[in-house]
>>> print(open('my_file04.cif').read())   # mmCIF, C-alpha atoms
data_input
#
loop_
_atom_site.label_atom_id
_atom_site.label_comp_id
_atom_site.auth_asym_id
_atom_site.auth_seq_id
_atom_site.Cartn_x
_atom_site.Cartn_y
_atom_site.Cartn_z
CA MET A 1 -7.13 -0.95 11.01
CA ASN A 2 -10.15 -1.70 8.87
CA HIS A 3 -10.00 -0.41 5.28
CA THR A 4 -12.33 -0.80 2.33
CA PRO A 5 -10.95 -3.81 0.43
CA THR A 6 -8.54 -2.52 -2.22
CA ILE A 7 -8.69 -5.61 -4.42
CA LEU A 8 -12.49 -5.69 -4.67
CA VAL A 9 -12.76 -1.94 -5.18
CA LEU A 10 -10.21 -2.07 -7.98
CA LEU A 11 -11.96 -4.98 -9.64
CA LEU A 12 -15.32 -3.23 -9.44
CA ALA A 13 -13.87 0.02 -10.76
CA PHE A 14 -12.35 -1.88 -13.69
CA LEU A 15 -15.65 -3.56 -14.52
CA ALA A 16 -17.61 -0.32 -14.18
CA GLY A 17 -15.27 1.32 -16.66
CA CYS A 18 -16.00 -1.19 -19.43
CA THR A 19 -18.04 0.26 -22.31
CA GLN A 20 -19.35 -3.00 -23.78
CA THR A 21 -23.15 -2.93 -23.48
CA TYR A 22 -23.83 -6.63 -24.01
CA LEU A 23 -23.55 -8.58 -20.78
CA PRO A 24 -23.33 -12.37 -21.13
CA PRO A 25 -25.03 -14.27 -18.30
CA ALA A 26 -21.70 -15.10 -16.66
CA ILE A 27 -20.89 -11.38 -16.43
CA ALA A 28 -24.35 -10.05 -15.62
CA ASN A 29 -24.87 -12.72 -12.95
CA PRO A 30 -21.41 -13.84 -11.86
CA ALA A 31 -20.62 -16.37 -9.19
CA ALA A 32 -20.07 -14.72 -5.82
CA ASN A 33 -16.37 -15.48 -5.67
CA LEU A 34 -14.49 -15.07 -2.43
CA VAL A 35 -12.16 -12.05 -2.32
CA VAL A 36 -9.35 -12.13 0.25
CA GLU A 37 -7.22 -9.12 1.17
CA GLY A 38 -4.62 -8.88 3.89
CA PHE A 39 -1.10 -9.71 4.97
CA ILE A 40 0.40 -12.17 7.46
CA ASN A 41 2.30 -9.79 9.72
CA SER A 42 5.27 -11.24 11.57
CA GLY A 43 5.84 -7.93 13.35
CA SER A 44 4.34 -6.57 16.57
CA ASP A 45 1.22 -5.17 14.92
CA SER A 46 -1.89 -7.24 14.20
CA THR A 47 -2.48 -9.53 11.26
CA SER A 48 -5.73 -8.58 9.53
CA PHE A 49 -7.67 -9.96 6.57
CA THR A 50 -10.83 -8.70 4.92
CA LEU A 51 -13.12 -11.24 3.24
CA SER A 52 -15.81 -10.25 0.77
CA ARG A 53 -17.65 -11.50 -2.32
CA THR A 54 -17.59 -10.32 -5.91
CA VAL A 55 -20.75 -8.62 -7.14
CA ALA A 56 -22.50 -8.19 -10.48
CA LEU A 57 -21.17 -5.77 -13.08
CA ALA A 58 -24.26 -3.58 -12.66
CA ALA A 59 -23.37 -2.90 -9.03
CA THR A 60 -21.74 0.42 -8.20
CA PRO A 61 -18.02 0.40 -7.31
CA SER A 62 -18.83 1.26 -3.69
CA VAL A 63 -20.76 -2.00 -3.13
CA VAL A 64 -18.88 -4.45 -0.92
CA LEU A 65 -20.41 -7.71 0.31
CA PRO A 66 -18.52 -8.74 3.46
CA GLU A 67 -18.08 -12.42 4.31
CA ALA A 68 -19.31 -12.15 7.87
CA SER A 69 -19.29 -15.68 9.32
CA ALA A 70 -16.01 -17.32 8.37
CA ALA A 71 -13.47 -19.18 10.49
CA VAL A 72 -9.99 -17.88 9.63
CA SER A 73 -6.54 -18.90 10.83
CA VAL A 74 -2.86 -18.65 9.96
CA GLN A 75 -1.15 -22.04 9.69
CA GLY A 76 2.55 -22.90 9.53
CA THR A 77 4.35 -25.80 7.88
CA ASP A 78 5.33 -26.82 11.44
CA ASN A 79 1.59 -27.50 12.12
CA SER A 80 1.18 -24.28 14.12
CA ASP A 81 -2.29 -22.77 13.95
CA TYR A 82 -3.26 -19.22 14.97
CA PRO A 83 -7.00 -18.35 14.80
CA LEU A 84 -8.00 -14.83 13.74
CA GLY A 85 -10.88 -13.25 15.61
CA ASN A 86 -14.00 -11.96 13.87
CA ALA A 87 -13.99 -8.15 14.15
CA GLY A 88 -17.19 -7.79 12.11
CA ASN A 89 -17.94 -6.54 8.62
CA GLY A 90 -15.80 -9.25 7.04
CA VAL A 91 -12.64 -8.34 8.96
CA TYR A 92 -10.66 -11.02 10.81
CA GLY A 93 -7.53 -10.35 12.83
CA ALA A 94 -5.27 -11.03 15.79
CA ILE A 95 -1.84 -10.15 17.15
CA LEU A 96 0.20 -13.25 16.37
CA PRO A 97 3.09 -14.55 18.44
CA THR A 98 6.55 -14.24 16.96
CA LEU A 99 6.57 -16.24 13.75
CA ASN A 100 9.45 -18.52 12.77
CA PRO A 101 11.37 -17.08 9.80
CA GLY A 102 12.58 -20.58 8.94
CA ILE A 103 9.16 -21.90 7.97
CA SER A 104 6.33 -20.87 5.65
CA TYR A 105 2.76 -19.89 6.48
CA ARG A 106 -0.63 -19.89 4.80
CA LEU A 107 -4.12 -18.51 5.38
CA PHE A 108 -6.86 -21.09 5.98
CA ILE A 109 -10.56 -20.18 5.70
CA THR A 110 -13.76 -22.12 6.30
CA THR A 111 -16.96 -20.45 5.14
CA GLY A 112 -20.20 -21.43 3.46
CA GLY A 113 -19.44 -25.11 4.07
CA LYS A 114 -16.21 -24.91 2.05
CA ASP A 115 -12.50 -24.79 2.88
CA TYR A 116 -10.12 -22.31 1.27
CA ALA A 117 -6.37 -21.91 1.65
CA SER A 118 -3.51 -19.92 0.24
CA ASP A 119 -0.23 -21.44 -0.81
CA TYR A 120 2.40 -21.55 1.93
CA VAL A 121 4.51 -18.40 1.62
CA PRO A 122 7.83 -17.39 3.26
CA LEU A 123 8.29 -14.51 5.66
CA VAL A 124 10.00 -11.88 3.52
CA ALA A 125 12.46 -9.62 5.35
CA ASN A 126 11.44 -5.99 5.00
CA PRO A 127 14.02 -3.20 5.52
CA PRO A 128 12.98 -0.07 7.43
CA ILE A 129 11.58 2.93 5.60
CA ASP A 130 14.48 5.34 5.26
CA SER A 131 12.29 8.41 4.92
CA ILE A 132 9.08 9.88 3.59
CA ASN A 133 9.80 13.21 1.92
CA TRP A 134 7.66 15.76 0.15
CA VAL A 135 8.27 18.46 -2.42
CA ARG A 136 6.14 21.44 -3.36
CA GLY A 137 5.67 21.98 -7.09
CA ASP A 138 3.61 24.23 -9.32
CA THR A 139 0.55 21.97 -9.02
CA GLY A 140 0.76 21.00 -5.35
CA ILE A 141 2.64 18.71 -2.98
CA TRP A 142 4.24 15.41 -4.03
CA ILE A 143 5.02 12.75 -1.41
CA TYR A 144 7.70 10.07 -1.89
CA ALA A 145 8.99 6.91 -0.15
CA ASN A 146 12.63 5.93 0.23
CA THR A 147 14.15 2.65 1.41
CA HIS A 148 17.17 0.42 0.83
CA ASP A 149 18.30 -3.08 1.76
CA PRO A 150 22.06 -3.49 2.30
CA THR A 151 21.66 -7.29 2.09
CA ASN A 152 20.22 -6.92 -1.44
CA THR A 153 17.49 -9.48 -0.75
CA ALA A 154 14.29 -7.40 -0.59
CA GLN A 155 13.99 -6.23 -4.19
CA TYR A 156 10.21 -6.02 -4.58
CA PHE A 157 8.10 -3.53 -2.66
CA ARG A 158 4.53 -2.34 -2.28
CA TRP A 159 3.14 0.59 -0.30
CA ASP A 160 -0.26 1.79 0.81
CA TYR A 161 -1.29 4.63 3.07
CA THR A 162 -3.97 6.38 5.08
CA GLU A 163 -4.06 10.17 4.89
CA THR A 164 -5.79 12.35 7.48
CA TRP A 165 -6.26 16.10 7.53
CA GLU A 166 -7.72 18.70 9.85
CA PHE A 167 -10.09 21.29 8.42
CA HIS A 168 -12.39 23.97 9.77
CA SER A 169 -15.88 25.08 8.83
CA SER A 170 -15.77 27.76 6.16
CA LEU A 171 -18.39 29.78 8.05
CA PRO A 172 -18.27 28.95 11.77
CA ALA A 173 -21.58 29.68 13.48
CA SER A 174 -21.60 32.07 16.42
CA LEU A 175 -25.30 31.40 17.08
CA THR A 176 -27.63 28.42 16.98
CA TYR A 177 -31.40 28.17 16.82
CA VAL A 178 -33.04 26.31 19.71
CA GLY A 179 -36.76 26.23 20.41
CA GLY A 180 -37.38 29.27 18.24
CA ASN A 181 -34.68 31.30 19.99
CA LEU A 182 -31.23 32.50 18.95
CA VAL A 183 -28.65 31.34 21.50
CA PRO A 184 -24.80 31.43 21.58
CA ASN A 185 -23.27 28.41 19.84
CA LEU A 186 -21.02 27.43 22.73
CA PRO A 187 -19.11 25.26 22.62
CA ASN A 188 -18.91 25.08 18.85
CA THR A 189 -18.48 21.35 18.22
CA THR A 190 -18.89 21.54 14.46
CA ASP A 191 -16.10 23.97 13.60
CA THR A 192 -13.05 21.64 13.67
CA CYS A 193 -13.04 18.23 12.00
CA TRP A 194 -10.79 15.55 10.55
CA GLN A 195 -11.21 13.51 7.40
CA SER A 196 -9.36 10.38 6.29
CA ASP A 197 -8.89 8.52 3.05
CA ILE A 198 -6.99 5.41 1.93
CA SER A 199 -4.71 4.94 -1.05
CA PRO A 200 -6.86 4.42 -4.16
CA ARG A 201 -4.19 2.80 -6.34
CA ILE A 202 -1.50 0.13 -6.26
CA ILE A 203 2.00 1.50 -5.54
CA LEU A 204 4.90 -0.77 -6.54
CA ALA A 205 8.65 -0.48 -7.07
CA SER A 206 11.49 -2.89 -7.76
CA SER A 207 15.27 -2.55 -7.57
CA THR A 208 16.03 -5.57 -9.78
CA GLN A 209 17.34 -3.34 -12.58
CA LEU A 210 19.64 -1.40 -10.26
CA ALA A 211 23.17 -2.11 -9.07
CA GLN A 212 22.05 -1.71 -5.45
CA ASP A 213 18.81 -2.47 -3.63
CA VAL A 214 17.84 1.19 -3.26
CA ILE A 215 14.37 2.65 -3.76
CA TYR A 216 14.57 6.42 -4.13
CA GLU A 217 11.56 8.72 -4.21
CA THR A 218 8.83 6.33 -5.26
CA PRO A 219 5.77 8.58 -5.78
CA LEU A 220 3.06 7.81 -3.24
CA THR A 221 0.47 10.53 -3.69
CA SER A 222 0.00 14.23 -4.32
CA ILE A 223 -2.01 17.01 -2.69
CA PRO A 224 -3.50 19.43 -5.25
CA LEU A 225 -2.47 23.05 -4.86
CA ASN A 226 -4.80 25.10 -2.64
CA SER A 227 -6.92 22.06 -1.71
CA GLN A 228 -8.64 21.56 1.63
CA GLN A 229 -6.14 18.90 2.79
CA LEU A 230 -3.54 21.49 3.78
CA THR A 231 -5.66 24.35 5.07
CA VAL A 232 -4.61 23.44 8.65
CA ARG A 233 -2.59 20.24 9.04
CA TYR A 234 -2.13 17.03 7.06
CA SER A 235 -0.77 13.60 8.02
CA ILE A 236 0.01 10.50 5.99
CA PHE A 237 0.64 7.05 7.50
CA ILE A 238 2.67 4.83 5.18
CA ARG A 239 2.81 1.01 5.21
CA GLN A 240 5.64 -0.71 3.33
CA TYR A 241 5.58 -4.39 2.31
CA ALA A 242 8.47 -6.45 0.93
CA LEU A 243 7.23 -9.06 -1.55
CA THR A 244 8.38 -12.19 -3.30
CA LYS A 245 8.80 -11.97 -7.06
CA ALA A 246 5.57 -13.98 -7.51
CA ALA A 247 3.60 -11.63 -5.25
CA PHE A 248 5.03 -8.57 -7.00
CA THR A 249 4.03 -10.01 -10.38
CA TRP A 250 0.47 -10.60 -9.13
CA TRP A 251 0.12 -7.02 -7.87
CA GLN A 252 1.66 -5.73 -11.09
CA THR A 253 -0.88 -7.66 -13.14
CA LEU A 254 -3.73 -6.34 -10.99
CA GLN A 255 -2.33 -2.84 -11.44
CA ASN A 256 -2.24 -3.28 -15.22
CA ASN A 257 -5.76 -4.74 -15.31
CA THR A 258 -7.27 -1.90 -13.30
CA GLU A 259 -5.17 1.19 -13.97
CA ASN A 260 -3.23 0.87 -17.21
CA ILE A 261 -5.98 0.05 -19.71
CA GLY A 262 -8.52 2.08 -21.64
CA SER A 263 -6.48 3.43 -24.55
CA ILE A 264 -5.09 1.99 -27.78
CA PHE A 265 -1.70 1.99 -26.09
CA GLY A 266 -2.98 0.36 -22.88
CA VAL A 267 -2.21 -3.20 -21.85
CA GLU A 268 -4.58 -6.08 -22.55
CA PRO A 269 -6.45 -7.41 -19.48
CA THR A 270 -5.08 -10.78 -18.37
CA THR A 271 -6.14 -13.46 -15.93
CA ASN A 272 -4.72 -13.09 -12.44
CA PRO A 273 -5.50 -16.19 -10.35
CA GLY A 274 -3.44 -15.42 -7.24
CA ASN A 275 -2.32 -18.00 -4.69
CA LEU A 276 -5.66 -18.80 -3.02
CA HIS A 277 -7.68 -21.91 -3.77
CA CYS A 278 -10.95 -23.55 -2.82
CA LEU A 279 -9.97 -26.96 -1.44
CA THR A 280 -13.55 -28.22 -1.53
CA ASP A 281 -14.20 -27.26 -5.16
CA THR A 282 -11.04 -26.85 -7.22
CA SER A 283 -13.00 -25.27 -10.09
CA GLU A 284 -14.01 -22.29 -7.94
CA THR A 285 -12.00 -19.08 -8.40
CA VAL A 286 -10.71 -17.21 -5.36
CA VAL A 287 -9.46 -13.62 -5.76
CA GLY A 288 -6.43 -12.37 -3.84
CA TYR A 289 -2.82 -12.98 -2.95
CA VAL A 290 -1.50 -13.76 0.52
CA SER A 291 2.01 -12.63 1.47
CA ALA A 292 3.87 -12.67 4.77
CA GLY A 293 6.57 -10.67 6.50
CA THR A 294 7.04 -7.53 8.55
CA ILE A 295 5.06 -4.37 7.77
CA ARG A 296 7.18 -1.23 8.10
CA THR A 297 5.34 2.00 8.89
CA GLN A 298 6.04 5.70 9.15
CA ARG A 299 3.89 8.79 9.72
CA ILE A 300 4.69 12.34 8.74
CA PHE A 301 2.85 15.62 9.28
CA ILE A 302 2.76 18.70 7.05
CA ASP A 303 1.49 21.99 8.48
CA ASN A 304 -0.11 24.77 6.51
CA SER A 305 2.68 27.13 7.61
CA GLN A 306 5.18 24.94 5.70
CA VAL A 307 3.46 25.37 2.32
CA LEU A 308 2.36 29.02 2.28
CA PRO A 309 0.94 30.59 0.23
CA TRP A 310 -1.97 28.13 0.18
CA ASP A 311 -5.17 29.82 -1.00
CA TYR A 312 -8.04 27.44 -0.41
CA THR A 313 -11.45 28.74 -1.47
CA SER A 314 -14.55 26.84 -0.40
CA GLY A 315 -17.04 28.88 -2.41
CA CYS A 316 -19.26 29.25 0.66
CA LYS A 317 -21.32 32.42 1.00
CA GLU A 318 -23.74 33.74 3.58
CA THR A 319 -27.30 34.65 2.69
CA LYS A 320 -29.23 37.32 4.60
CA ILE A 321 -32.86 36.42 5.36
CA PRO A 322 -35.61 37.65 7.74
CA GLU A 323 -35.43 35.88 11.07
CA ASP A 324 -39.02 34.66 10.74
CA SER A 325 -37.92 32.65 7.66
CA LEU A 326 -35.13 30.88 9.53
CA GLN A 327 -37.01 27.68 10.44
CA THR A 328 -38.17 27.25 6.87
CA MET A 329 -34.59 27.55 5.58
CA ILE A 330 -33.30 25.15 8.25
CA ASP A 331 -35.89 22.63 7.07
CA LEU A 332 -34.43 23.05 3.57
CA GLY A 333 -30.93 22.16 4.80
CA TYR A 334 -29.43 25.53 5.68
CA LEU A 335 -27.87 26.46 9.02
CA LEU A 336 -27.73 29.66 11.01
CA VAL A 337 -24.39 31.46 10.87
CA ASP A 338 -24.84 34.77 12.71
CA GLN A 339 -27.19 37.63 13.43
CA ALA A 340 -27.34 40.26 10.69
CA SER A 341 -29.26 43.01 12.50
CA LEU A 342 -31.72 43.43 15.33
CA VAL A 343 -34.05 45.94 13.67
CA PRO A 344 -35.53 44.60 11.54
CA PRO A 345 -34.56 41.07 12.70
CA TYR A 346 -32.38 39.52 9.99
CA VAL A 347 -29.94 36.60 10.20
CA PHE A 348 -27.21 35.08 8.03
CA ILE A 349 -27.54 31.47 6.89
CA ALA A 350 -25.46 29.14 4.71
CA PRO A 351 -25.59 25.53 3.41
CA LYS A 352 -24.93 22.92 6.07
CA GLY A 353 -21.62 21.85 4.57
CA CYS A 354 -20.29 25.39 4.99
CA VAL A 355 -21.22 25.65 8.68
CA ASP A 356 -21.10 22.09 10.05
CA CYS A 357 -17.80 20.32 9.33
CA THR A 358 -19.29 16.98 10.42
CA ALA A 359 -21.20 16.97 7.13
CA THR A 360 -17.99 15.66 5.52
CA GLY A 361 -15.71 14.76 8.45
CA SER A 362 -15.57 13.75 12.09
CA ASN A 363 -15.18 16.13 15.02
CA ILE A 364 -13.49 13.39 17.06
CA ARG A 365 -9.80 14.20 17.31
CA PRO A 366 -7.61 11.28 16.15
CA SER A 367 -5.47 9.74 18.88
CA PHE A 368 -2.25 10.46 16.96
CA TRP A 369 -3.04 14.14 16.35
#
>>> encode(input="my_file04.cif", output="structure tokens")
Amino acid sequence: MNHTPTILVLLLAFLAGCTQTYLPPAIANPAANLVVEGFINSGSDSTSFTLSRTVALAATPSVVLPEASAAVSVQGTDNSDYPLGNAGNGVYGAILPTLNPGISYRLFITTGGKDYASDYVPLVANPPIDSINWVRGDTGIWIYANTHDPTNTAQYFRWDYTETWEFHSSLPASLTYVGGNLVPNLPNTTDTCWQSDISPRIILASSTQLAQDVIYETPLTSIPLNSQQLTVRYSIFIRQYALTKAAFTWWQTLQNNTENIGSIFGVEPTTNPGNLHCLTDTSETVVGYVSAGTIRTQRIFIDNSQVLPWDYTSGCKETKIPEDSLQTMIDLGYLLVDQASLVPPYVFIAPKGCVDCTATGSNIRPSFW
């Protein structure tokens, strides 16, 4: 599955949050360093990496420059080599054959006339997710992850997720306006939609300070009380990664550099080189950390009926106008909702986002729904 690169987005968000107004040349016009995000998956699902380039500080956090024409492969210390296909937009992936847990693997990249590689890393055994549970509180819903490793070997964990929710138009339209005529809006294809989002922060936990390798109720995310996410049905798809101590430390440093600064009690930003290197030019910095192992996943659903009362208010209101003003209002971004009266001819209209759910979501039903 293709996601906006977490590492680059976090780095850009960190830079955008800086308040220093003076920009030295190296900051205002930085080198376009390669950013690598992904995981060597020894399980049955695909291995996927996203390649992009760093951008200038003045760029908005949403700017991502994909590395579109690279050659990428996974290589083993036994000289095995598995090419990853180019899926477009800087994404490279493939379903790999069963990897050998007795050897180590690395990512190898050729792009822009240069070769890049990660260190060789072991396949870290990842225990199954025991459960994903949720609790309703005064401010909303809190979702947690639970796992344990009876062998006491997987002590460092990371999670990310994709959340999806169904929602309906606040003011479904019974009529539409076609060729100057009011006609029934059948079928209504803009009444039911789905929206998805990815985890915006780094989620880590370690059991090294515990007597047993048990992770209990690590907070993943929350759903604000009475928000749109649970007006109909909500789903969250969790991915769990087991890490080496070195990988955990890298993610922890990235977390501190991007999330835990900004106050007098915050941590100081530190360098975070990762385990990727430019083989052609050893002075060039590469951003990212490559790990390997099995990705454990679990999906849960929460229905509106499970969290009642849930009083979502969209703020949408209808406006009554003469029918002969309808085209003018449509040109201004409003949509027809219903007929108000025949004599004189009035209609109800509302902003597009209140009538057409595709303004913020997709009306294509997800395959897992």
>>> resolve_selection(input="my_file04.cif", expression="the PyMOL selection byres ((chain A and resi 108-124) around 9)", output="JSON, numbers by chain")
{"A": [40, 41, 42, 67, 69, 70, 71, 72, 73, 74, 75, 76, 77, 99, 100, 101, 102, 103, 104, 105, 106, 107, 125, 126, 153, 154, 241, 242, 243, 244, 274, 275, 276, 277, 278, 279, 280, 281, 286, 289, 290, 291, 292, 293, 294]}
>>> atom_distance(input="my_file04.cif", atom1="atom CA of Thr221 of chain A", atom2="atom CA of Thr190 of chain A")
28.7 Å
>>> residues_around(input="my_file04.cif", residues="segment 343-352 of chain A", least_positions_apart="6", cutoff="9 Å", atoms="all atoms listed in the file", output="number ranges by chain")
A: 171, 316-324, 326, 329-330, 333-337, 359
>>> atom_distance(input="my_file04.cif", atom1="atom CA of Arg158 of chain A", atom2="atom CA of Leu204 of chain A")
4.6 Å
>>> residues_near_point(input="my_file04.cif", point="(-21.3, 26.2, 18.3)", cutoff="9 Å", atoms="all atoms listed in the file", output="ChimeraX atom specification")
/A:172-176,184-191
>>> resolve_selection(input="my_file04.cif", expression="the PyMOL selection byres ((chain A and resi 207) around 10)", output="list in words")
His148, Asp149, Asn152, Thr153, Ala154, Gln155, Tyr156, Phe157, Ala205, Ser206, Thr208, Gln209, Leu210, Ala211, Gln212, Asp213, Val214, Ile215 and Tyr216 of chain A
